Structures are given as structure tokens and as C-alpha cells.
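Below: protein-v5.cif (mmCIF, C-alpha atoms)
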data_target
#
loop_
_atom_site.label_atom_id
_atom_site.label_comp_id
_atom_site.auth_asym_id
_atom_site.auth_seq_id
_atom_site.Cartn_x
_atom_site.Cartn_y
_atom_site.Cartn_z
CA MET A 1 11.96 96.69 42.16
CA ALA A 2 11.07 97.27 45.76
CA ALA A 3 10.99 93.77 47.16
CA GLU A 4 8.46 92.88 49.82
CA ARG A 5 9.80 92.83 53.34
CA GLY A 6 8.82 90.93 56.46
CA LEU A 7 10.04 90.57 60.04
CA PHE A 8 11.97 87.47 61.00
CA ILE A 9 11.30 86.60 64.66
CA TYR A 10 14.18 85.07 66.65
CA GLY A 11 12.79 84.83 70.11
CA ILE A 12 10.74 86.30 72.94
CA VAL A 13 12.53 88.12 75.77
CA PRO A 14 11.66 90.32 78.75
CA SER A 15 11.02 93.86 77.56
CA ASP A 16 14.13 95.27 79.24
CA VAL A 17 16.41 93.35 76.86
CA GLU A 18 18.18 95.63 74.43
CA PRO A 19 19.98 94.15 71.38
CA THR A 20 23.61 95.26 71.22
CA PRO A 21 24.66 97.22 68.11
CA ASP A 22 26.91 94.37 66.99
CA ALA A 23 24.02 91.89 66.91
CA GLU A 24 23.71 90.56 63.37
CA GLY A 25 20.62 88.92 62.00
CA VAL A 26 19.88 86.53 59.18
CA GLY A 27 19.96 87.52 55.53
CA ASN A 28 22.56 88.91 53.22
CA PRO A 29 23.60 91.52 54.15
CA PRO A 30 22.71 90.60 57.76
CA GLY A 31 19.66 92.41 59.07
CA GLU A 32 19.77 94.77 62.04
CA VAL A 33 18.25 93.16 65.11
CA THR A 34 15.73 95.21 67.06
CA ALA A 35 13.30 94.58 69.90
CA ILE A 36 9.58 95.18 69.52
CA ARG A 37 8.02 95.61 72.95
CA HIS A 38 4.62 95.06 74.39
CA GLY A 39 4.20 95.39 78.13
CA GLU A 40 6.54 93.00 79.93
CA VAL A 41 7.70 91.12 76.86
CA ALA A 42 9.47 91.83 73.59
CA ALA A 43 10.30 90.04 70.36
CA LEU A 44 13.76 90.10 68.80
CA VAL A 45 13.31 90.66 65.07
CA SER A 46 15.10 91.76 61.93
CA GLU A 47 13.86 92.72 58.48
CA VAL A 48 14.15 90.19 55.68
CA GLY A 49 13.23 90.23 52.03
CA LEU A 50 10.40 87.81 51.40
CA ALA A 51 11.91 86.73 48.10
CA GLU A 52 15.24 85.93 49.68
CA PRO A 53 15.68 82.21 50.33
CA MET A 54 16.36 81.61 53.99
CA GLY A 55 18.34 78.82 55.61
CA ARG A 56 21.87 79.21 54.32
CA PRO A 57 24.56 78.09 56.78
CA ALA A 58 25.21 81.74 57.64
CA ASP A 59 21.51 82.27 58.47
CA LEU A 60 21.38 79.30 60.81
CA THR A 61 24.57 80.36 62.51
CA ALA A 62 23.36 83.95 62.91
CA TYR A 63 20.10 82.73 64.41
CA GLU A 64 21.84 80.50 66.94
CA ARG A 65 24.47 83.10 67.76
CA LEU A 66 21.83 85.72 68.53
CA LEU A 67 19.74 83.41 70.71
CA ASP A 68 22.67 81.88 72.59
CA GLY A 69 24.20 85.30 73.06
CA THR A 70 20.92 86.56 74.47
CA ALA A 71 20.64 83.55 76.76
CA GLU A 72 23.98 84.60 78.28
CA VAL A 73 22.35 87.69 79.75
CA ALA A 74 18.59 87.12 79.87
CA PRO A 75 15.93 84.45 79.57
CA VAL A 76 14.79 83.86 76.00
CA LEU A 77 12.14 81.72 74.31
CA PRO A 78 13.49 80.69 70.91
CA VAL A 79 10.93 80.98 68.12
CA ARG A 80 11.22 78.33 65.42
CA PHE A 81 13.71 79.17 62.68
CA GLY A 82 11.98 80.62 59.64
CA THR A 83 9.08 82.38 61.39
CA VAL A 84 8.36 85.59 59.49
CA VAL A 85 5.43 87.96 59.97
CA THR A 86 4.16 90.87 57.93
CA GLY A 87 5.36 93.73 60.10
CA GLU A 88 5.60 95.47 63.46
CA ASP A 89 1.85 95.50 63.96
CA ALA A 90 1.71 91.74 63.59
CA VAL A 91 4.47 91.29 66.16
CA GLY A 92 2.65 93.63 68.53
CA GLU A 93 -0.57 91.67 68.16
CA LEU A 94 1.20 88.39 68.72
CA LEU A 95 2.82 89.68 71.92
CA ALA A 96 -0.45 91.21 73.13
CA ALA A 97 -2.34 87.97 72.59
CA HIS A 98 0.17 85.81 74.48
CA GLN A 99 1.81 88.25 76.85
CA GLU A 100 0.91 86.47 80.08
CA ARG A 101 1.97 83.11 78.81
CA PHE A 102 5.28 84.41 77.47
CA ALA A 103 5.99 86.31 80.68
CA ALA A 104 5.30 83.24 82.81
CA ASP A 105 7.52 81.06 80.62
CA LEU A 106 10.33 83.60 80.71
CA ALA A 107 10.09 83.82 84.49
CA GLU A 108 10.55 80.06 84.61
CA LEU A 109 13.64 80.25 82.43
CA GLU A 110 15.26 83.01 84.47
CA ASN A 111 18.90 82.10 85.20
CA ARG A 112 18.58 78.78 83.41
CA ARG A 113 20.33 77.67 80.26
CA GLN A 114 20.56 74.60 78.10
CA TYR A 115 23.49 72.26 77.75
CA THR A 116 23.51 69.38 75.30
CA VAL A 117 25.59 66.28 75.97
CA HIS A 118 26.41 64.38 72.81
CA GLY A 119 28.53 61.24 72.70
CA ARG A 120 29.54 58.87 69.96
CA PHE A 121 30.82 55.34 70.34
CA ASP A 122 34.35 54.68 69.15
CA GLU A 123 33.54 52.16 66.43
CA GLN A 124 36.63 50.04 66.98
CA GLU A 125 36.18 49.93 70.72
CA PHE A 126 32.45 49.31 70.59
CA ILE A 127 32.55 46.56 67.99
CA GLY A 128 35.57 44.93 69.60
CA GLU A 129 33.79 44.81 72.94
CA PHE A 130 30.62 43.55 71.33
CA LEU A 131 32.38 40.71 69.51
CA THR A 132 34.06 39.71 72.74
CA GLU A 133 30.76 39.46 74.54
CA ASN A 134 28.70 37.92 71.78
CA ARG A 135 29.84 34.56 70.54
CA ALA A 136 27.34 34.33 67.67
CA ALA A 137 28.44 37.71 66.38
CA ALA A 138 32.10 36.75 66.67
CA GLU A 139 31.47 33.68 64.56
CA LEU A 140 29.70 35.73 61.93
CA ALA A 141 32.58 38.19 61.97
CA ASP A 142 34.90 35.33 61.13
CA GLN A 143 32.80 34.40 58.15
CA VAL A 144 32.72 37.96 56.93
CA ARG A 145 36.27 39.07 57.39
CA GLY A 146 38.39 39.13 54.28
CA ARG A 147 35.59 37.87 52.05
CA PRO A 148 34.09 40.05 49.34
CA GLU A 149 30.62 41.43 49.98
CA VAL A 150 29.01 39.45 47.16
CA GLU A 151 30.05 36.20 48.82
CA SER A 152 29.15 37.14 52.37
CA ARG A 153 26.28 39.56 51.98
CA GLU A 154 23.80 37.58 54.05
CA GLN A 155 26.22 37.17 56.94
CA ARG A 156 27.17 40.81 56.71
CA ILE A 157 23.58 41.93 56.99
CA ARG A 158 22.99 39.65 59.96
CA LEU A 159 26.15 40.81 61.70
CA GLY A 160 25.41 44.46 60.97
CA GLU A 161 21.91 44.10 62.32
CA MET A 162 23.23 42.59 65.54
CA ILE A 163 25.65 45.48 65.94
CA SER A 164 22.94 48.00 65.16
CA GLN A 165 20.64 46.53 67.80
CA ALA A 166 23.48 46.48 70.30
CA VAL A 167 24.14 50.17 69.64
CA GLU A 168 20.49 51.00 70.21
CA LEU A 169 20.37 49.12 73.49
CA ARG A 170 23.61 50.64 74.70
CA ARG A 171 22.42 54.10 73.68
CA GLU A 172 19.25 53.80 75.72
CA ALA A 173 21.26 52.58 78.68
CA GLN A 174 23.85 55.35 78.31
CA ASN A 175 21.19 58.05 78.05
CA ALA A 176 19.56 56.72 81.20
CA ALA A 177 22.92 56.47 82.97
CA LEU A 178 23.79 60.04 82.05
CA ILE A 179 20.47 61.41 83.31
CA ASP A 180 20.99 59.37 86.45
CA ALA A 181 24.51 60.69 86.95
CA VAL A 182 23.94 64.40 86.35
CA GLY A 183 20.19 64.83 86.82
CA ARG A 184 20.46 66.13 90.38
CA HIS A 185 22.23 69.23 89.06
CA THR A 186 19.58 69.99 86.46
CA VAL A 187 16.05 71.40 86.31
CA ALA A 188 14.87 69.25 83.42
CA ASN A 189 16.15 66.89 80.74
CA ALA A 190 15.09 66.10 77.20
CA PRO A 191 16.57 63.09 75.40
CA ARG A 192 17.19 63.90 71.73
CA GLN A 193 16.97 61.78 68.62
CA PRO A 194 20.26 60.17 67.58
CA SER A 195 21.94 61.94 64.68
CA HIS A 196 24.39 59.17 63.79
CA GLU A 197 24.36 55.38 63.74
CA LEU A 198 26.98 55.28 66.45
CA ASP A 199 25.44 57.90 68.72
CA ALA A 200 25.99 56.85 72.31
CA VAL A 201 24.25 59.65 74.20
CA ASN A 202 22.27 62.69 73.15
CA VAL A 203 20.43 64.55 75.90
CA ALA A 204 19.60 68.21 76.46
CA PHE A 205 19.59 69.57 80.03
CA LEU A 206 18.18 72.73 81.51
CA VAL A 207 20.61 73.91 84.16
CA GLY A 208 20.33 76.67 86.75
CA ALA A 209 23.19 79.17 86.88
CA ASP A 210 24.10 78.13 90.43
CA ASP A 211 24.43 74.50 89.41
CA GLU A 212 26.46 74.92 86.22
CA GLU A 213 29.83 74.14 87.77
CA GLU A 214 28.59 71.04 89.51
CA PHE A 215 26.77 69.92 86.40
CA ILE A 216 29.84 70.29 84.19
CA ARG A 217 31.97 68.45 86.72
CA ALA A 218 29.46 65.59 86.76
CA VAL A 219 29.45 65.38 82.96
CA GLU A 220 33.26 65.39 82.94
CA GLU A 221 33.27 62.53 85.39
CA PHE A 222 30.74 60.61 83.31
CA ALA A 223 32.90 61.15 80.22
CA GLU A 224 36.06 60.16 82.06
CA GLN A 225 34.55 56.84 83.07
CA ARG A 226 33.87 56.04 79.41
CA ARG A 227 36.76 57.73 77.69
CA GLU A 228 37.85 54.68 75.70
CA LEU A 229 34.38 53.81 74.52
CA ILE A 230 32.67 57.14 73.90
CA ARG A 231 33.85 60.40 72.42
CA MET A 232 31.88 62.81 74.59
CA ARG A 233 31.06 66.44 73.87
CA LEU A 234 29.33 69.15 75.85
CA LEU A 235 27.61 71.92 73.90
CA GLY A 236 26.60 75.07 75.64
CA PRO A 237 25.53 77.17 77.31
CA LEU A 238 22.71 77.48 74.78
CA ALA A 239 19.29 79.08 74.57
CA PRO A 240 16.66 76.60 75.80
CA TYR A 241 15.78 75.17 72.36
CA ASP A 242 14.66 71.82 73.74
CA PHE A 243 12.62 73.23 76.59
CA VAL A 244 9.98 75.29 74.85
CA GLY A 245 8.13 72.35 73.33
CA ALA A 246 5.29 72.69 75.78
CA HIS A 247 4.92 76.32 74.78
CA GLN A 248 3.58 75.70 71.32
CA LEU A 249 0.74 78.05 70.66
CA VAL A 250 -2.36 76.12 69.83
CA GLU A 251 -5.71 77.77 69.82
CA MET B 1 28.19 88.48 73.11
CA SER B 2 28.90 84.95 72.01
CA ILE B 3 31.26 82.23 73.01
CA ALA B 4 32.55 80.46 69.97
CA THR B 5 35.31 78.24 71.12
CA THR B 6 35.96 74.58 71.22
CA THR B 7 37.93 73.72 74.25
CA GLY B 8 38.69 70.87 76.52
CA GLN B 9 40.89 70.12 79.46
CA PRO B 10 44.22 68.87 78.18
CA GLY B 11 43.86 65.14 78.27
CA GLY B 12 40.28 65.43 79.43
CA ALA B 13 37.63 63.07 78.18
CA LEU B 14 35.06 65.78 77.53
CA GLU B 15 35.28 68.08 74.54
CA ARG B 16 33.56 71.39 75.16
CA THR B 17 31.96 73.58 72.52
CA GLY B 18 30.47 76.90 73.53
CA GLY B 19 27.14 78.13 72.24
CA GLY B 20 26.66 80.90 69.75
CA GLY B 21 26.94 78.78 66.65
CA GLY B 22 30.60 78.19 67.38
CA GLY B 23 30.47 74.48 66.68
CA THR B 24 30.33 72.75 63.33
CA LEU B 25 27.52 73.41 60.90
CA ALA B 26 26.19 69.99 61.84
CA ASP B 27 26.07 71.13 65.48
CA VAL B 28 24.15 74.26 64.57
CA ILE B 29 21.60 72.40 62.47
CA GLU B 30 21.14 69.73 65.10
CA THR B 31 20.73 72.29 67.85
CA VAL B 32 18.20 74.61 66.25
CA LEU B 33 16.29 72.70 63.59
CA ASP B 34 12.65 71.97 64.41
CA LYS B 35 13.02 73.55 67.86
CA GLY B 36 11.48 76.64 69.36
CA VAL B 37 8.04 78.08 69.79
CA VAL B 38 5.82 77.44 66.79
CA ILE B 39 3.78 80.39 65.62
CA ASP B 40 1.68 79.37 62.70
CA ALA B 41 -1.11 80.85 60.68
CA GLN B 42 -3.75 79.53 63.06
CA VAL B 43 -2.35 81.75 65.75
CA SER B 44 -1.59 84.77 63.71
CA VAL B 45 -2.86 85.46 60.22
CA ALA B 46 0.10 87.77 59.77
CA VAL B 47 2.58 84.88 59.55
CA VAL B 48 4.19 84.88 56.13
CA GLY B 49 5.30 81.75 54.36
CA ILE B 50 8.88 82.28 53.23
CA GLN B 51 11.02 80.13 51.05
CA LEU B 52 13.19 77.97 53.28
CA LEU B 53 16.16 76.25 51.73
CA GLU B 54 15.80 72.57 52.22
CA ILE B 55 17.59 71.57 55.39
CA ASN B 56 17.16 67.98 56.31
CA ALA B 57 18.14 66.79 59.71
CA ARG B 58 19.87 63.49 59.47
CA ILE B 59 17.46 60.92 60.69
CA VAL B 60 18.99 57.66 61.73
CA ILE B 61 17.03 54.72 60.47
CA ALA B 62 18.42 51.23 60.69
CA SER B 63 18.67 49.88 57.17
CA VAL B 64 20.49 47.23 55.20
CA GLU B 65 22.89 49.96 54.19
CA THR B 66 23.70 50.63 57.83
CA TYR B 67 24.14 46.92 58.51
CA LEU B 68 26.55 46.51 55.61
CA ARG B 69 28.49 49.52 56.81
CA PHE B 70 28.87 48.01 60.26
CA ALA B 71 30.00 44.73 58.72
CA GLU B 72 32.48 46.66 56.64
CA ILE B 73 33.92 48.16 59.82
CA VAL B 74 34.37 44.66 61.20
CA ASP B 75 36.07 43.72 57.95
CA ARG B 76 38.27 46.77 57.84
CA LEU B 77 39.42 46.98 61.41
CA SER B 78 41.71 44.43 62.84
CA ILE B 79 39.79 43.57 65.90
CA THR B 80 40.96 40.78 68.06
CA PRO B 81 38.11 40.00 70.39
CA LYS B 82 39.60 40.57 73.80
CA GLY B 83 39.93 37.51 75.99
CA THR B 84 38.33 35.22 73.47
CA LYS B 85 39.89 31.81 73.24
CA GLY B 86 39.57 29.28 70.47
CA LEU B 87 39.02 31.78 67.71
CA PRO B 88 41.45 31.62 64.85
CA ASP B 89 43.97 34.37 64.71
CA ILE B 90 41.99 36.84 62.74
CA VAL B 91 44.26 39.83 62.79
CA GLY B 92 46.54 39.44 59.83
CA ASP B 93 45.62 42.64 58.05
CA ALA B 94 47.19 46.00 58.44
CA ALA B 95 44.08 48.07 58.01
CA GLY B 96 43.57 48.84 61.68
CA GLY B 97 46.28 51.41 62.00
CA ALA B 98 44.95 53.52 59.19
CA THR B 99 41.51 54.01 60.64
CA LYS B 100 42.33 56.20 63.58
CA GLY B 101 40.65 59.55 63.39
CA LYS B 102 37.73 58.12 61.51
CA ALA B 103 35.14 59.54 63.84
CA ILE B 104 36.43 63.04 63.29
CA SER B 105 36.42 62.97 59.51
CA GLY B 106 32.98 61.40 59.66
CA LEU B 107 31.59 64.61 61.10
CA GLY B 108 32.35 66.53 57.95
CA ARG B 109 30.40 64.06 55.93
CA ALA B 110 27.45 64.30 58.22
CA ALA B 111 27.33 68.06 57.83
CA LYS B 112 27.13 67.83 54.07
CA GLU B 113 24.48 65.19 54.18
CA ILE B 114 22.39 67.26 56.49
CA THR B 115 22.21 70.49 54.61
CA GLY B 116 20.75 69.28 51.38
CA VAL B 117 22.17 72.40 49.77
CA VAL B 118 25.57 72.85 48.21
CA VAL B 119 28.01 73.54 50.97
CA ASP B 120 31.03 71.74 49.63
CA SER B 121 33.09 74.87 49.52
CA LEU B 122 32.43 75.57 53.18
CA SER B 123 34.36 73.95 55.90
CA ASP B 124 32.36 72.95 58.93
CA HIS B 125 34.03 75.56 61.02
CA ASP B 126 33.74 79.29 60.64
CA VAL B 127 30.89 79.11 58.20
CA ASP B 128 30.04 82.66 59.00
CA ARG B 129 33.33 84.28 58.08
CA PRO B 130 32.79 86.93 55.44
CA ARG B 131 35.36 85.39 53.12
CA GLN B 132 33.51 82.13 53.14
CA ARG B 133 30.17 83.74 52.91
CA ARG B 134 31.31 85.28 49.66
CA SER B 135 32.49 81.99 48.31
CA TRP B 136 29.09 80.63 49.20
CA GLU B 137 27.42 83.39 47.24
CA GLU B 138 29.57 82.75 44.21
CA GLU B 139 28.43 79.18 44.20
CA ARG B 140 24.79 79.98 44.02
#
Go ahead and render the structure in this file as C-alpha cells.
Amino acid sequence: MAAERGLFIYGIVPSDVEPTPDAEGVGNPPGEVTAIRHGEVAALVSEVGLAEPMGRPADLTAYERLLDGTAEVAPVLPVRFGTVVTGEDAVGELLAAHQERFAADLAELENRRQYTVHGRFDEQEFIGEFLTENRAAAELADQVRGRPEVESREQRIRLGEMISQAVELRREAQNAALIDAVGRHTVANAPRQPSHELDAVNVAFLVGADDEEEFIRAVEEFAEQRRELIRMRLLGPLAPYDFVGAHQLVE
Amino acid sequence: MSIATTTGQPGGALERTGGGGGGTLADVIETVLDKGVVIDAQVSVAVVGIQLLEINARIVIASVETYLRFAEIVDRLSITPKGTKGLPDIVGDAAGGATKGKAISGLGRAAKEITGVVVDSLSDHDVDRPRQRRSWEEER
């Protein structure tokens, strides 16, 4: 049975971008990535079977690898994962309709890439510090420790809620402190939603190529100052996933 | 074409993970999910609805469950509030030593929770290796 096919769109790039032969797309087996051009802009696409379920770990990884790899060499506007159109004509129409907008956005992203700073509180360190500073919480901790949950449930919930609120407050403060500390080396920032109860910082930054070294040094310094309290990670360089929000196409 | 390494200065406080899907599966999902330019049917009638496996980003919502978990940490860890006087000696248990490395193993859990599909046979790393891709296929 000849299954129906569609084109999975990864991102929009300047029309002089050429996918390398080793570029692998989503799907199983991985689709071949090609560029469909219209004037100054192009779309990176690969063929997918419409019946094939999309979103396996390998698909997500292939999608990110292609976009991040492209961002290494050229500006790219990521298109939301899972966007599939009927065929080449549809891609051409899409590019034709939004060419100026895409070209302007790509020009803005020239030589700029995303880095994401993600930190998580060390639970022992954070809670220890919190109990030291908060007498009411320390007293509750005493009532909770060593007692089974059935006997101390109410105190446990109260204590947990206090800790949870403290994490939230500290997180806001840490995000602000990070933006304050490294912001001068960046073009833009976008705080992200926490992905864990003990998330300490989670902010995406758009960084110009000339500022990358300074930016990374500033993040290292920020991490160093908090090394006992926060396990800090720097992801990137990435395609500008968090900086195309304003480019949603609404008509 | 891609950088897929996790590095860090020896002894440095900042762990670095390159782009290109080189991080954990949780990293990939968190980085790409619900991001990017949205092209929907209003813009182009040629957009096709495809079947997307359910991928749920982990949304953090404060709940009683979270509170109890925090209290459990207090219970489990031997925390002596630093510089606090007048509190009874609350150490007494040996649990503290065994909880090092907790944050790291916690990441694996997060990845499984996020995907909403069966990924138990996959480690967080190297999800794209052919060998593991096959084992994924066999599971389906």
C-alpha cells in the first residue's frame, strides 16, 4: 500500500543554506533533508509518512540536531516540531506569502545563537540553609523528623509548603540575578518555566558570536559563586528556539 | 555538524552540554517542545495534521504531593541547621551519607515522566544510537 507522504518542516533559513549529505531527518528510516527555496529564503524539510507516528525520542533528537547544527553555520528560524504540509507546492506558497517577514527575522538572527542556563538547587544545601534561617520551619522539621507520615502529615504538608514557597522566591531572585550578571553580554533573554520542583534558574539567552566568550565566562563566574547551592548547567549553542515567539504567523 | 558533548572545566562549577541533541532526552524535550514558529491551518490550508506521540512537558505545580516530598527530604537527610542554638541534637540517623548523587539519578526519572511513551529501555544518553533505536522499535 502506497502510504501518503507529507513534508516535515524543520526551520526557515537563508536560501544559500545547503543541507549536508549526512543530515538526517525524523522518521524511521530517517528522511533525507532538503532545502526548498523561494527568493531569499528556504525551508529545511524531509519526507515523512503521514501514517507514521511522530515524536519518538529519535525524532526529537534528529529535529534538534538538525536545527542546532544549522545554527552553527547560518541563522535559522525553528518551526514548531510536528509541522507537516502536503508537499513542495505548499512549502513554496508558505515561503512566498511570508518571505519578507522571514528574511527580516533571519537578518536579525545573523551571528546570534541561543544558550540556556539551567540550575537546580542542591536539596540538602537548600533545605539546610532554609531551616537555619527560618525558625518556624526548623521547629516543624523537629516535629516531622523520625515520625511516620500518618502521625505527622499535617506538619509535613505545612513544612513542605514553606519549603516550596521558599524555592519559588529564591528561583525568581536567582533568575533576576543571572540576567543581571550576564545580561550585558546578550541580545535578549527569555526566562523559562521551571521543569523541576527544585529548579533554581532557567533562562534562555540570545548571544552574539562576538560576545560568546564573555558570556560563558560570566555564567561560569555566576555558577562559581553558587557552587555549593546550585548545580548549574549551560546548554548550547542552540538554534534560537525561545526567540521566535514573536514570529508566530497570525492572519 | 553537531556538537554532542557534555563537558566542564575540571573542578568547575558549570557543567556544559553542547547543542545538537547531545544532552539527555529530558534536555531535548525541554529545549524544543512547544517552541518555534507556529504554522497552522489558518495560515496555510496545506498543513497536515499528523499523529504526534504524546509528549508531555513536565509542568511543575505545587501540590500536597510536592510538599510531602520536601518533608520527606527533611526526614531523610541528616540536616543540622547551621549555627542554630537551642535545637535538640537532631542528627542521629545515618541516612545523610547515602543520599549523595540524588540530583543526578533524579534526572533519569524526569525524562521518563516527560515522554509519556514507553522509553524504559532507553537510557537518557545516546537515544539516537542505531542499536538503541532498534530496541525501541522492538518495544512498540
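When atom CA of Val76 of chain A is paired with atom CA of Ala42 of chain A, their separation reads 9.9 Å.
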Practice task
Any chance you could resolve the PyMOL selection byres ((chain A and resi 81-84) around 6) against this file and give the residues as a PyMOL selection string?
Solution key: (chain A and resi 7-9+80+85) or (chain B and resi 47-48)
Exercise for the section: Identify, on the basis of all atoms listed in the file, every residue whose closest approach to Glu139 of chain A does not exceed 10 Å; exclude the query and any residue fewer than 4 positions from it along the same chain; express the result as a ChimeraX atom specification. Expected result: /A:131,134-135,143-144,155,159 /B:87
Problem - Result set, the PyMOL selection byres ((chain B and resi 61-70) around 9) on current file, as an NGL selection string - result: (:A and (123 or 127 or 149 or 153 or 156-165 or 197)) or (:B and (59-60 or 71-75))
Exercise for the section: Identify, on the basis of all atoms listed in the file, every residue whose closest approach to Ala62 of chain A does not exceed 7 Å; exclude the query and any residue fewer than 5 positions from it along the same chain; express the result as a list in words. Expected result: Glu24, Gly25 and Val26 of chain A
Problem - Given all atoms listed in the file as the counted atoms, nearest of A:Glu224, A:Asp211, A:Glu110, A:Glu40 to chain B - result: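 Of the candidates, the smallest distance to chain B is held by A:Glu224.
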Handout entry: Computed interatomic separation between atom CA of Val33 of chain A and atom CA of Asn111 of chain A (Å)
Key = 22.9 Å
Completion exercise
Between atom CA of Pro75 of chain A and atom CA of Arg113 of chain A lies a distance of 8.1 Å
Practice task
Name all residues at most 8 Å from segment 200-208 of chain A (count only C-alpha atoms; drop same-chain ones fewer than 3 positions away) and give them as an NGL selection string.
Solution key: :A and (111-121 or 167 or 170-172 or 174-175 or 178 or 185-194 or 211-212 or 215 or 230 or 240 or 242-243)
With C-alpha atoms kept, could you save the residues just selected as a compact mmCIF listing (two decimals), keeping the file's coordinate frame?
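Full text of out-v7.txt as output:
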# COMPACT_ATOMS: atom_id res chain seq x y z
CA ASN A 111 18.90 82.10 85.20
CA ARG A 112 18.58 78.78 83.41
CA ARG A 113 20.33 77.67 80.26
CA GLN A 114 20.56 74.60 78.10
CA TYR A 115 23.49 72.26 77.75
CA THR A 116 23.51 69.38 75.30
CA VAL A 117 25.59 66.28 75.97
CA HIS A 118 26.41 64.38 72.81
CA GLY A 119 28.53 61.24 72.70
CA ARG A 120 29.54 58.87 69.96
CA PHE A 121 30.82 55.34 70.34
CA VAL A 167 24.14 50.17 69.64
CA ARG A 170 23.61 50.64 74.70
CA ARG A 171 22.42 54.10 73.68
CA GLU A 172 19.25 53.80 75.72
CA GLN A 174 23.85 55.35 78.31
CA ASN A 175 21.19 58.05 78.05
CA LEU A 178 23.79 60.04 82.05
CA HIS A 185 22.23 69.23 89.06
CA THR A 186 19.58 69.99 86.46
CA VAL A 187 16.05 71.40 86.31
CA ALA A 188 14.87 69.25 83.42
CA ASN A 189 16.15 66.89 80.74
CA ALA A 190 15.09 66.10 77.20
CA PRO A 191 16.57 63.09 75.40
CA ARG A 192 17.19 63.90 71.73
CA GLN A 193 16.97 61.78 68.62
CA PRO A 194 20.26 60.17 67.58
CA ASP A 211 24.43 74.50 89.41
CA GLU A 212 26.46 74.92 86.22
CA PHE A 215 26.77 69.92 86.40
CA ILE A 230 32.67 57.14 73.90
CA PRO A 240 16.66 76.60 75.80
CA ASP A 242 14.66 71.82 73.74
CA PHE A 243 12.62 73.23 76.59
Exercise for the section: Using all atoms listed in the file, collect all residues at a distance of at most 12 Å from (-1.3, 90.2, 73.1) as written in the file, then present them as a ChimeraX atom specification. Expected result: /A:37-43,89-103 /B:43-44
Problem - Polymer residues at most 10 Å from Asn28 of chain A, only C-alpha atoms, same-chain spacing of 2 or more positions, as a list in words - result: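 Listing them by chain and then by number gives Gly25, Val26, Pro30, Gly31, Val48, Gly49, Glu52, Met54, Arg56, Ala58 and Asp59 of chain A; Arg133 and Glu137 of chain B.
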Fill in the blank from the handout: With distances taken over all atoms listed in the file, the candidate from A:Val182, A:Ala137, A:Leu229, A:Leu67 nearest chain B is A:Leu67
Exercise for the section: Counting only C-alpha atoms, figure out which residue out of A:Val244, A:Ala136, A:Ala181, A:Leu109 gets nearest to Glu214 of chain A. Expected result: A:Ala181
Exercise for the section: Might you pull out every residue within 12 Å of Gly12 of chain B, with all atoms listed in the file counted and same-chain residues fewer than 5 positions away left off, and present them as a PyMOL selection string? Expected result: (chain A and resi 217+219-228+231-233) or (chain B and resi 7)
Please output segment 9-26 of chain B, rebuilt to include N, CA and C atoms, as an mmCIF file, keeping the file's coordinate frame.
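Final output, saved to out_20.cif:
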data_model
loop_
_atom_site.group_PDB
_atom_site.id
_atom_site.type_symbol
_atom_site.label_atom_id
_atom_site.label_comp_id
_atom_site.auth_asym_id
_atom_site.auth_seq_id
_atom_site.Cartn_x
_atom_site.Cartn_y
_atom_site.Cartn_z
ATOM 1 N N GLN B 9 39.750 70.268 78.578
ATOM 2 C CA GLN B 9 40.890 70.120 79.460
ATOM 3 C C GLN B 9 41.943 69.306 78.722
ATOM 4 N N PRO B 10 43.199 69.701 78.826
ATOM 5 C CA PRO B 10 44.220 68.870 78.180
ATOM 6 C C PRO B 10 44.119 67.448 78.716
ATOM 7 N N GLY B 11 43.953 66.530 77.835
ATOM 8 C CA GLY B 11 43.860 65.140 78.270
ATOM 9 C C GLY B 11 42.517 64.767 78.824
ATOM 10 N N GLY B 12 41.602 65.722 78.891
ATOM 11 C CA GLY B 12 40.280 65.430 79.430
ATOM 12 C C GLY B 12 39.449 64.603 78.474
ATOM 13 N N ALA B 13 38.440 63.959 79.004
ATOM 14 C CA ALA B 13 37.630 63.070 78.180
ATOM 15 C C ALA B 13 36.444 63.808 77.571
ATOM 16 N N LEU B 14 36.226 65.050 77.996
ATOM 17 C CA LEU B 14 35.060 65.780 77.530
ATOM 18 C C LEU B 14 35.482 66.953 76.666
ATOM 19 N N GLU B 15 35.001 66.961 75.433
ATOM 20 C CA GLU B 15 35.280 68.080 74.540
ATOM 21 C C GLU B 15 34.191 69.111 74.738
ATOM 22 N N ARG B 16 34.585 70.368 74.919
ATOM 23 C CA ARG B 16 33.560 71.390 75.160
ATOM 24 C C ARG B 16 33.451 72.353 73.992
ATOM 25 N N THR B 17 32.231 72.626 73.586
ATOM 26 C CA THR B 17 31.960 73.580 72.520
ATOM 27 C C THR B 17 30.960 74.587 73.048
ATOM 28 N N GLY B 18 31.359 75.860 73.019
ATOM 29 C CA GLY B 18 30.470 76.900 73.530
ATOM 30 C C GLY B 18 29.281 77.080 72.613
ATOM 31 N N GLY B 19 28.299 77.844 73.067
ATOM 32 C CA GLY B 19 27.140 78.130 72.240
ATOM 33 C C GLY B 19 27.472 79.177 71.201
ATOM 34 N N GLY B 20 26.443 79.812 70.680
ATOM 35 C CA GLY B 20 26.660 80.900 69.750
ATOM 36 C C GLY B 20 27.032 80.455 68.363
ATOM 37 N N GLY B 21 26.654 79.241 67.996
ATOM 38 C CA GLY B 21 26.940 78.780 66.650
ATOM 39 C C GLY B 21 28.412 78.539 66.416
ATOM 40 N N GLY B 22 29.162 78.356 67.502
ATOM 41 C CA GLY B 22 30.600 78.190 67.380
ATOM 42 C C GLY B 22 31.048 76.795 67.012
ATOM 43 N N GLY B 23 30.101 75.853 67.025
ATOM 44 C CA GLY B 23 30.470 74.480 66.680
ATOM 45 C C GLY B 23 30.461 74.280 65.172
ATOM 46 N N THR B 24 30.386 73.048 64.761
ATOM 47 C CA THR B 24 30.330 72.750 63.330
ATOM 48 C C THR B 24 28.939 73.102 62.806
ATOM 49 N N LEU B 25 28.830 73.165 61.506
ATOM 50 C CA LEU B 25 27.520 73.410 60.900
ATOM 51 C C LEU B 25 26.545 72.306 61.311
ATOM 52 N N ALA B 26 27.049 71.097 61.397
ATOM 53 C CA ALA B 26 26.190 69.990 61.840
ATOM 54 C C ALA B 26 25.653 70.249 63.245
#
